[in-house]
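Data block for query12.txt (compact mmCIF, C-alpha atoms and all ligand atoms):
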# COMPACT_ATOMS: atom_id res chain seq x y z
CA MET A 1 65.43 14.11 -14.51
CA ILE A 2 62.68 14.47 -11.95
CA ILE A 3 59.25 13.73 -13.38
CA PHE A 4 55.97 14.98 -11.94
CA SER A 5 52.85 12.84 -12.18
CA PRO A 6 49.78 14.59 -10.71
CA SER A 7 47.13 12.07 -9.64
CA ILE A 8 43.70 12.83 -11.05
CA LEU A 9 42.10 10.93 -8.16
CA ALA A 10 41.96 14.28 -6.36
CA ALA A 11 40.64 16.22 -9.39
CA ASP A 12 37.14 17.57 -9.94
CA PHE A 13 35.88 15.08 -12.52
CA ASN A 14 33.32 17.51 -13.75
CA ARG A 15 36.15 19.51 -15.32
CA LEU A 16 38.81 16.88 -15.67
CA GLY A 17 40.10 17.96 -19.07
CA SER A 18 40.80 21.55 -18.11
CA GLN A 19 42.37 20.48 -14.82
CA ILE A 20 44.78 18.13 -16.59
CA GLU A 21 45.51 20.97 -19.01
CA ASP A 22 46.41 23.18 -16.02
CA THR A 23 49.02 20.67 -14.84
CA LYS A 24 50.42 20.42 -18.36
CA ASN A 25 50.67 24.19 -18.77
CA ALA A 26 52.55 24.37 -15.49
CA GLY A 27 55.09 21.80 -16.70
CA ALA A 28 53.95 18.39 -15.43
CA GLN A 29 55.07 15.57 -17.72
CA TYR A 30 52.77 12.70 -16.65
CA VAL A 31 49.12 12.12 -15.70
CA HIS A 32 48.78 9.58 -12.89
CA ILE A 33 45.61 7.51 -13.30
CA ASP A 34 44.50 5.34 -10.37
CA VAL A 35 42.40 2.39 -11.47
CA MET A 36 40.71 0.68 -8.51
CA ASP A 37 38.42 -2.34 -8.69
CA GLY A 38 36.79 -2.51 -5.25
CA VAL A 39 38.47 -5.89 -4.67
CA PHE A 40 42.23 -5.33 -4.47
CA VAL A 41 41.37 -2.06 -2.73
CA PRO A 42 38.00 -1.06 -1.23
CA GLN A 43 37.14 1.74 -3.64
CA ILE A 44 36.08 1.68 -7.30
CA THR A 45 37.32 4.52 -9.48
CA PHE A 46 37.39 4.37 -13.30
CA GLY A 47 38.72 2.29 -16.15
CA GLU A 48 39.42 2.19 -19.87
CA PRO A 49 36.70 4.60 -21.11
CA VAL A 50 38.04 7.43 -18.98
CA ILE A 51 41.61 6.72 -20.08
CA ARG A 52 40.49 6.68 -23.71
CA SER A 53 38.90 10.11 -23.31
CA ILE A 54 41.99 11.57 -21.67
CA ARG A 55 44.17 10.04 -24.41
CA ALA A 56 42.06 11.60 -27.13
CA ASP A 57 42.52 15.03 -25.62
CA SER A 58 46.06 15.01 -24.26
CA SER A 59 49.61 14.39 -25.41
CA LEU A 60 50.81 13.90 -21.84
CA PHE A 61 52.34 10.60 -20.77
CA LEU A 62 49.59 8.47 -19.22
CA ASP A 63 50.93 6.78 -16.11
CA VAL A 64 48.33 4.13 -15.26
CA HIS A 65 48.43 2.63 -11.77
CA LEU A 66 46.36 -0.55 -11.63
CA MET A 67 45.08 -1.40 -8.18
CA ILE A 68 43.15 -4.41 -9.42
CA THR A 69 43.20 -8.18 -8.94
CA ASP A 70 44.39 -10.34 -11.81
CA PRO A 71 46.00 -7.45 -13.73
CA GLY A 72 47.25 -9.83 -16.43
CA SER A 73 43.75 -10.19 -17.87
CA HIS A 74 43.42 -6.45 -18.49
CA ILE A 75 46.71 -5.45 -20.10
CA GLN A 76 45.41 -5.46 -23.68
CA ALA A 77 42.46 -3.31 -22.66
CA PHE A 78 44.55 -0.65 -20.91
CA ALA A 79 47.17 -0.61 -23.63
CA GLY A 80 44.39 -0.23 -26.19
CA ALA A 81 42.87 2.64 -24.22
CA GLY A 82 46.14 4.56 -24.58
CA ALA A 83 48.18 3.97 -21.42
CA ASP A 84 51.86 4.80 -21.91
CA ASN A 85 52.93 3.06 -18.73
CA ILE A 86 51.09 0.25 -16.98
CA THR A 87 51.95 -0.34 -13.33
CA PHE A 88 50.52 -3.36 -11.54
CA HIS A 89 50.83 -4.62 -7.99
CA LEU A 90 53.15 -7.47 -7.15
CA GLU A 91 50.64 -8.59 -4.51
CA ALA A 92 47.84 -8.84 -7.11
CA ALA A 93 49.58 -11.02 -9.67
CA ARG A 94 49.90 -14.80 -9.54
CA ASP A 95 52.68 -14.68 -12.13
CA PRO A 96 54.30 -11.22 -12.17
CA GLY A 97 56.77 -12.28 -14.88
CA ALA A 98 53.89 -13.05 -17.24
CA VAL A 99 52.24 -9.68 -16.58
CA ILE A 100 55.52 -7.90 -17.26
CA ALA A 101 55.86 -9.82 -20.52
CA ALA A 102 52.28 -8.94 -21.52
CA ILE A 103 52.88 -5.22 -20.96
CA ARG A 104 56.10 -5.38 -23.01
CA GLN A 105 54.33 -7.28 -25.74
CA ALA A 106 51.73 -4.50 -25.86
CA GLY A 107 54.59 -2.04 -26.38
CA ARG A 108 54.04 -0.13 -23.14
CA ARG A 109 56.41 0.81 -20.35
CA VAL A 110 56.33 -1.52 -17.36
CA GLY A 111 55.77 -0.48 -13.76
CA LEU A 112 55.71 -2.76 -10.73
CA SER A 113 54.32 -1.61 -7.40
CA ILE A 114 54.53 -2.75 -3.80
CA LYS A 115 52.36 -1.90 -0.83
CA PRO A 116 53.97 -0.53 2.35
CA SER A 117 53.95 -3.98 4.00
CA THR A 118 55.67 -5.88 1.16
CA PRO A 119 59.43 -6.33 1.63
CA VAL A 120 61.39 -4.39 -0.99
CA SER A 121 63.54 -7.47 -1.66
CA GLU A 122 60.52 -9.18 -3.24
CA VAL A 123 60.88 -7.02 -6.36
CA TYR A 124 64.61 -7.75 -6.83
CA PRO A 125 64.00 -10.68 -9.21
CA PHE A 126 62.00 -8.42 -11.55
CA LEU A 127 64.07 -5.24 -11.56
CA ASP A 128 66.00 -6.20 -14.68
CA ARG A 129 62.73 -6.37 -16.65
CA ILE A 130 60.83 -3.26 -15.58
CA ASP A 131 61.08 0.46 -16.28
CA MET A 132 59.70 1.77 -13.02
CA LEU A 133 59.29 0.61 -9.44
CA LEU A 134 56.40 2.24 -7.59
CA VAL A 135 57.00 2.25 -3.85
CA MET A 136 53.64 3.05 -2.25
CA THR A 137 54.08 5.58 0.52
CA VAL A 138 50.53 5.07 1.85
CA GLU A 139 48.26 2.04 1.88
CA PRO A 140 46.76 1.98 -1.64
CA GLY A 141 43.06 2.77 -1.97
CA PHE A 142 42.46 6.39 -1.08
CA GLY A 143 43.88 9.83 -1.71
CA GLY A 144 44.57 12.32 1.06
CA GLN A 145 46.34 9.97 3.47
CA LYS A 146 49.42 10.74 5.53
CA TYR A 147 52.88 9.73 4.26
CA ILE A 148 54.17 6.60 6.04
CA GLU A 149 57.57 7.58 7.42
CA ALA A 150 59.01 4.07 7.06
CA SER A 151 58.71 4.56 3.28
CA THR A 152 61.84 6.72 3.20
CA GLY A 153 64.10 3.82 4.11
CA ARG A 154 62.30 1.57 1.62
CA VAL A 155 62.91 4.00 -1.24
CA ALA A 156 66.55 4.32 -0.23
CA GLN A 157 66.90 0.53 -0.11
CA ALA A 158 65.43 0.16 -3.61
CA ARG A 159 67.59 2.99 -5.00
CA GLY A 160 70.68 1.42 -3.44
CA TYR A 161 70.00 -1.93 -5.08
CA ILE A 162 69.16 -0.37 -8.47
CA ARG A 163 72.31 1.74 -8.42
CA GLU A 164 74.50 -1.13 -7.28
CA HIS A 165 73.28 -3.28 -10.18
CA GLY A 166 73.41 -0.46 -12.72
CA LEU A 167 69.74 -0.85 -13.68
CA PRO A 168 67.88 1.86 -15.61
CA VAL A 169 64.83 1.78 -13.34
CA ASP A 170 62.83 4.83 -12.23
CA ILE A 171 61.51 4.94 -8.68
CA GLU A 172 58.06 6.43 -8.25
CA VAL A 173 56.53 7.43 -4.92
CA ASP A 174 52.79 7.72 -4.43
CA GLY A 175 50.73 8.80 -1.44
CA GLY A 176 50.87 11.66 1.01
CA ILE A 177 53.51 13.64 -0.91
CA THR A 178 53.48 17.31 0.09
CA ARG A 179 55.63 20.44 -0.12
CA GLU A 180 56.93 19.48 3.32
CA ASN A 181 58.20 15.98 2.56
CA ILE A 182 59.17 16.30 -1.11
CA ASP A 183 62.89 16.66 -0.33
CA THR A 184 62.78 13.59 1.89
CA VAL A 185 61.65 11.34 -0.98
CA LEU A 186 63.98 12.98 -3.50
CA ASP A 187 66.94 12.56 -1.15
CA ALA A 188 65.99 8.90 -0.69
CA GLY A 189 66.22 8.37 -4.45
CA ALA A 190 62.73 8.76 -5.91
CA ASN A 191 62.63 10.44 -9.34
CA VAL A 192 58.98 10.11 -10.39
CA ILE A 193 56.73 11.97 -7.99
CA VAL A 194 52.97 11.45 -7.70
CA ALA A 195 50.81 13.98 -5.87
CA GLY A 196 47.02 14.17 -5.74
CA SER A 197 45.76 16.42 -2.97
CA ALA A 198 48.88 18.62 -3.09
CA VAL A 199 48.08 19.43 -6.72
CA TYR A 200 44.32 19.34 -7.19
CA HIS A 201 43.19 20.85 -3.89
CA GLY A 202 43.35 24.60 -4.37
CA ASP A 203 44.93 26.22 -7.42
CA THR A 204 46.00 23.31 -9.62
CA ARG A 205 48.20 25.36 -11.90
CA ALA A 206 49.97 27.21 -9.09
CA ASN A 207 50.46 24.01 -7.09
CA THR A 208 51.99 22.22 -10.09
CA ALA A 209 54.20 25.23 -10.84
CA TYR A 210 55.44 25.18 -7.24
CA PHE A 211 56.62 21.57 -7.55
CA MET A 212 58.16 22.06 -11.01
CA GLU A 213 60.09 25.10 -9.80
CA HIS A 214 61.20 23.18 -6.72
CA PHE A 215 62.50 20.28 -8.87
CA LYS A 216 64.51 22.71 -10.97
CA GLU A 217 66.13 24.19 -7.87
CA TYR A 218 66.72 20.74 -6.39
CA GLU A 219 68.48 19.53 -9.55
CA LYS A 220 70.60 22.67 -9.73
CA GLU A 221 71.62 22.16 -6.11
CA ARG A 222 72.42 18.51 -6.78
CA GLN A 223 74.69 19.41 -9.69
CA ARG A 224 76.55 21.86 -7.50
CA ASN A 225 77.32 19.16 -4.91
C1 LIG B 301 46.34 5.97 -3.61
C2 LIG B 301 46.66 6.40 -5.01
C3 LIG B 301 47.37 7.69 -5.11
C4 LIG B 301 46.60 8.90 -4.61
C5 LIG B 301 47.57 9.87 -4.01
O1 LIG B 301 45.96 4.64 -3.60
O2 LIG B 301 47.48 5.43 -5.63
O3 LIG B 301 47.81 7.94 -6.43
O4 LIG B 301 45.87 9.54 -5.62
O5 LIG B 301 46.87 10.93 -3.46
P1 LIG B 301 47.50 11.92 -2.38
O6 LIG B 301 48.65 12.59 -3.06
O7 LIG B 301 46.39 12.81 -2.04
O8 LIG B 301 47.97 11.06 -1.24
ZN ZN B 302 48.48 5.88 -7.60
Kindly return the structure encoded in the file as structure tokens.
Amino acid sequence: MIIFSPSILAADFNRLGSQIEDTKNAGAQYVHIDVMDGVFVPQITFGEPVIRSIRADSSLFLDVHLMITDPGSHIQAFAGAGADNITFHLEAARDPGAVIAAIRQAGRRVGLSIKPSTPVSEVYPFLDRIDMLLVMTVEPGFGGQKYIEASTGRVAQARGYIREHGLPVDIEVDGGITRENIDTVLDAGANVIVAGSAVYHGDTRANTAYFMEHFKEYEKERQRN
């Protein structure tokens, strides 16, 4: 199944709750939450208190994307705040295996992410222990950037490996996803789709509904072939 994970980074934080509600009412399954620390990436966004507030008000799956250094020290905190999935960056962890184990121990789903410059093969040793691989399709740090075309081949490479080894791993794409390139990433093998600007700029509910309708059509078409 294709899962949609609208990124609140592009939301109007003054009315965050109702905006998330709009995505839910239009069928989105996840909320993508970008945690940035100003060290691993230049910008600082938000942390556990914001996640706790969203958790208290929403039954949606909270897809937390940590763009922070030393993620291992913060797993308990984010699990406690109500994250359903915790994704960390391979580049940020001294011992990725230990971070994966800590997320599991906390009873949360495990995501591992790579920046556009990190070879896909570097995640191979961890794919048997994670639930989701996040292939960044822009340089992490900011919303509203342009999709990096070389990402398509990277997603296809990861999907090929995962399929070949029969692993139950989702592939998430994040950054610069639009109505124009959505089929490109789906064709390459992504099944969890993040979009910030394409959802929250303009009519949030209508934008979400567009993508959900598109996924339905895409899956119908795929079954036919
Ligand atoms: C970028 C973040 C993304 C961002 C995507 O570092 O990880 O989740 O919100 O935003 P758009 O869809 O606008 O590129
Ligand atoms: Zn993200």
- [ ] Return as a list in words the residues of protein, DNA or RNA that approach ligand ZN 302 (chain B) to within 9 Å, with only C-alpha atoms and all ligand atoms taken into account.
- [x]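 Going residue by residue within 9 Å of ligand ZN 302 (chain B), we get Ser7, Leu9, His32, Ile33, Asp34, Val35, Asp63, Val64, His65, Leu66, Met67, Leu134, Met136, Pro140, Gly141, Phe142, Gly143, Val173, Asp174, Gly175, Val194, Ala195 and Gly196 of chain A.
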Nearest to Met212 in chain A, restricted to all atoms listed in the file and choosing among A:Ser18, A:Tyr200, A:Asn25, A:Gly176, comes out as A:Asn25
Centre and edge lengths of an axis-aligned box around all listed atoms of ligand LIG 301 (chain B), with 5 Å added on each side, are to be given in Å to one decimal, as AutoDock Vina command-line options.
--center_x 47.3 --center_y 8.7 --center_z -3.8 --size_x 12.8 --size_y 18.2 --size_z 15.2
Each residue of range 84-193 of chain A with at least one atom at most 12 Å from range 216-224 of chain A should appear once, together with its nearest atom pair and the corresponding distance in Å (one decimal); atoms considered: only C-alpha atoms; ordering: chain, then increasing residue number; output as a Markdown table.
| residue | atom | partner | partner_atom | distance |
| --- | --- | --- | --- | --- |
| A:Ile182 | CA | A:Tyr218 | CA | 10.2 |
| A:Asp183 | CA | A:Tyr218 | CA | 8.2 |
| A:Thr184 | CA | A:Tyr218 | CA | 11.6 |
| A:Val185 | CA | A:Tyr218 | CA | 12.0 |
| A:Leu186 | CA | A:Tyr218 | CA | 8.7 |
| A:Asp187 | CA | A:Tyr218 | CA | 9.7 |
| A:Asn191 | CA | A:Glu219 | CA | 10.8 |
For a test of reading the model, state the distance in Å between CA of Gln43 in chain A and CA of Arg205 in chain A, rounded to one decimal.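 CA of Gln43 in chain A sits 27.4 Å away from CA of Arg205 in chain A.
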Contact residues around Glu172 in chain A with all atoms listed in the file at 6 Å, ignoring same-chain residues under 5 positions, as a VMD selection string: chain A and resid 134 190 192 to 193
I need the residues from that last selection saved to file as a PDB file, in the frame of the given file (with C-alpha atoms), if you can.
ATOM      1  CA  LEU A 134      56.400   2.240  -7.590  1.00  0.00           C
ATOM      2  CA  ALA A 190      62.730   8.760  -5.910  1.00  0.00           C
ATOM      3  CA  VAL A 192      58.980  10.110 -10.390  1.00  0.00           C
ATOM      4  CA  ILE A 193      56.730  11.970  -7.990  1.00  0.00           C
TER       5      ILE A 193
END
- Message: Please list as a ChimeraX atom specification every residue within 12 Å of Ala83 in chain A, counting all atoms listed in the file and excluding residues in the same chain fewer than 5 positions away.
- Response: /A:30-35,47-56,58-66,74-78,103,106-111
Counting only C-alpha atoms, closest pick from A:Ala81, A:Pro125, A:Met1, A:Arg179 relative to His214 in chain A is A:Arg179
Between CA of Arg94 in chain A and CA of Gly72 in chain A, distance in Å (one decimal):
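It comes out at 8.9 Å.
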Have a look at CA of Ile68 in chain A and CA of Leu90 in chain A and let me know their distance in Å, one decimal.
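Interatomic distance here is 10.7 Å.
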Fewer than 3 positions away in the same chain doesn't count, so skip those; otherwise give me all residues within 10 Å of Ile162 in chain A, counting all atoms listed in the file, as a VMD selection string. chain A and resid 124 127 to 128 133 156 to 159 165 to 171
Go ahead and save the residues from that selection, with C-alpha atoms, as a short mmCIF file (atom, residue, chain, number, x, y, z; two decimals), keeping the file's coordinate frame.
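So again29.cif came out as:
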data_model
loop_
_atom_site.label_atom_id
_atom_site.label_comp_id
_atom_site.auth_asym_id
_atom_site.auth_seq_id
_atom_site.Cartn_x
_atom_site.Cartn_y
_atom_site.Cartn_z
CA TYR A 124 64.61 -7.75 -6.83
CA LEU A 127 64.07 -5.24 -11.56
CA ASP A 128 66.00 -6.20 -14.68
CA LEU A 133 59.29 0.61 -9.44
CA ALA A 156 66.55 4.32 -0.23
CA GLN A 157 66.90 0.53 -0.11
CA ALA A 158 65.43 0.16 -3.61
CA ARG A 159 67.59 2.99 -5.00
CA HIS A 165 73.28 -3.28 -10.18
CA GLY A 166 73.41 -0.46 -12.72
CA LEU A 167 69.74 -0.85 -13.68
CA PRO A 168 67.88 1.86 -15.61
CA VAL A 169 64.83 1.78 -13.34
CA ASP A 170 62.83 4.83 -12.23
CA ILE A 171 61.51 4.94 -8.68
#
Note to self: Considering only C-alpha atoms and all ligand atoms, can you say which of A:Ser5, A:Ser197, A:Asn14, A:Thr87 comes closest to ligand LIG 301 (chain B)?
What the structure shows: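 Distance minimum relative to ligand LIG 301 (chain B) lands on A:Ser197.
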For range 137-152 of chain A, supply N, CA, C and O atoms and format the output as a PDB file, in the coordinates of the input.
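Writing the result to result_8.pdb gives the following:
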ATOM      1  N   THR A 137      53.689   4.906  -0.713  1.00  0.00           N
ATOM      2  CA  THR A 137      54.080   5.580   0.520  1.00  0.00           C
ATOM      3  C   THR A 137      52.865   5.802   1.437  1.00  0.00           C
ATOM      4  O   THR A 137      52.967   6.464   2.466  1.00  0.00           O
ATOM      5  N   VAL A 138      51.719   5.239   1.005  1.00  0.00           N
ATOM      6  CA  VAL A 138      50.530   5.070   1.850  1.00  0.00           C
ATOM      7  C   VAL A 138      49.946   3.714   1.477  1.00  0.00           C
ATOM      8  O   VAL A 138      50.345   3.123   0.475  1.00  0.00           O
ATOM      9  N   GLU A 139      48.983   3.250   2.261  1.00  0.00           N
ATOM     10  CA  GLU A 139      48.260   2.040   1.880  1.00  0.00           C
ATOM     11  C   GLU A 139      47.417   2.373   0.647  1.00  0.00           C
ATOM     12  O   GLU A 139      46.672   3.357   0.670  1.00  0.00           O
ATOM     13  N   PRO A 140      47.536   1.610  -0.452  1.00  0.00           N
ATOM     14  CA  PRO A 140      46.760   1.980  -1.640  1.00  0.00           C
ATOM     15  C   PRO A 140      45.260   1.940  -1.384  1.00  0.00           C
ATOM     16  O   PRO A 140      44.793   1.165  -0.564  1.00  0.00           O
ATOM     17  N   GLY A 141      44.521   2.801  -2.076  1.00  0.00           N
ATOM     18  CA  GLY A 141      43.060   2.770  -1.970  1.00  0.00           C
ATOM     19  C   GLY A 141      42.406   4.121  -1.881  1.00  0.00           C
ATOM     20  O   GLY A 141      41.301   4.300  -2.369  1.00  0.00           O
ATOM     21  N   PHE A 142      43.080   5.086  -1.275  1.00  0.00           N
ATOM     22  CA  PHE A 142      42.460   6.390  -1.080  1.00  0.00           C
ATOM     23  C   PHE A 142      43.496   7.508  -1.211  1.00  0.00           C
ATOM     24  O   PHE A 142      44.645   7.327  -0.820  1.00  0.00           O
ATOM     25  N   GLY A 143      43.044   8.649  -1.712  1.00  0.00           N
ATOM     26  CA  GLY A 143      43.880   9.830  -1.710  1.00  0.00           C
ATOM     27  C   GLY A 143      43.809  10.510  -0.345  1.00  0.00           C
ATOM     28  O   GLY A 143      42.999  10.125   0.506  1.00  0.00           O
ATOM     29  N   GLY A 144      44.656  11.488  -0.137  1.00  0.00           N
ATOM     30  CA  GLY A 144      44.570  12.320   1.060  1.00  0.00           C
ATOM     31  C   GLY A 144      45.057  11.684   2.351  1.00  0.00           C
ATOM     32  O   GLY A 144      44.764  12.177   3.437  1.00  0.00           O
ATOM     33  N   GLN A 145      45.815  10.592   2.253  1.00  0.00           N
ATOM     34  CA  GLN A 145      46.340   9.970   3.470  1.00  0.00           C
ATOM     35  C   GLN A 145      47.705  10.564   3.828  1.00  0.00           C
ATOM     36  O   GLN A 145      48.328  11.261   3.034  1.00  0.00           O
ATOM     37  N   LYS A 146      48.148  10.220   5.035  1.00  0.00           N
ATOM     38  CA  LYS A 146      49.420  10.740   5.530  1.00  0.00           C
ATOM     39  C   LYS A 146      50.569   9.834   5.082  1.00  0.00           C
ATOM     40  O   LYS A 146      50.450   8.605   5.144  1.00  0.00           O
ATOM     41  N   TYR A 147      51.656  10.441   4.647  1.00  0.00           N
ATOM     42  CA  TYR A 147      52.880   9.730   4.260  1.00  0.00           C
ATOM     43  C   TYR A 147      53.356   8.809   5.381  1.00  0.00           C
ATOM     44  O   TYR A 147      53.452   9.237   6.540  1.00  0.00           O
ATOM     45  N   ILE A 148      53.642   7.555   5.047  1.00  0.00           N
ATOM     46  CA  ILE A 148      54.170   6.600   6.040  1.00  0.00           C
ATOM     47  C   ILE A 148      55.680   6.775   6.113  1.00  0.00           C
ATOM     48  O   ILE A 148      56.396   6.540   5.129  1.00  0.00           O
ATOM     49  N   GLU A 149      56.155   7.193   7.277  1.00  0.00           N
ATOM     50  CA  GLU A 149      57.570   7.580   7.420  1.00  0.00           C
ATOM     51  C   GLU A 149      58.539   6.449   7.065  1.00  0.00           C
ATOM     52  O   GLU A 149      59.628   6.697   6.530  1.00  0.00           O
ATOM     53  N   ALA A 150      58.125   5.206   7.352  1.00  0.00           N
ATOM     54  CA  ALA A 150      59.010   4.070   7.060  1.00  0.00           C
ATOM     55  C   ALA A 150      59.292   3.925   5.568  1.00  0.00           C
ATOM     56  O   ALA A 150      60.197   3.188   5.162  1.00  0.00           O
ATOM     57  N   SER A 151      58.516   4.645   4.736  1.00  0.00           N
ATOM     58  CA  SER A 151      58.710   4.560   3.280  1.00  0.00           C
ATOM     59  C   SER A 151      60.075   5.100   2.860  1.00  0.00           C
ATOM     60  O   SER A 151      60.642   4.644   1.857  1.00  0.00           O
ATOM     61  N   THR A 152      60.570   6.079   3.593  1.00  0.00           N
ATOM     62  CA  THR A 152      61.840   6.720   3.200  1.00  0.00           C
ATOM     63  C   THR A 152      62.963   5.695   3.102  1.00  0.00           C
ATOM     64  O   THR A 152      63.683   5.644   2.099  1.00  0.00           O
TER      65      THR A 152
END
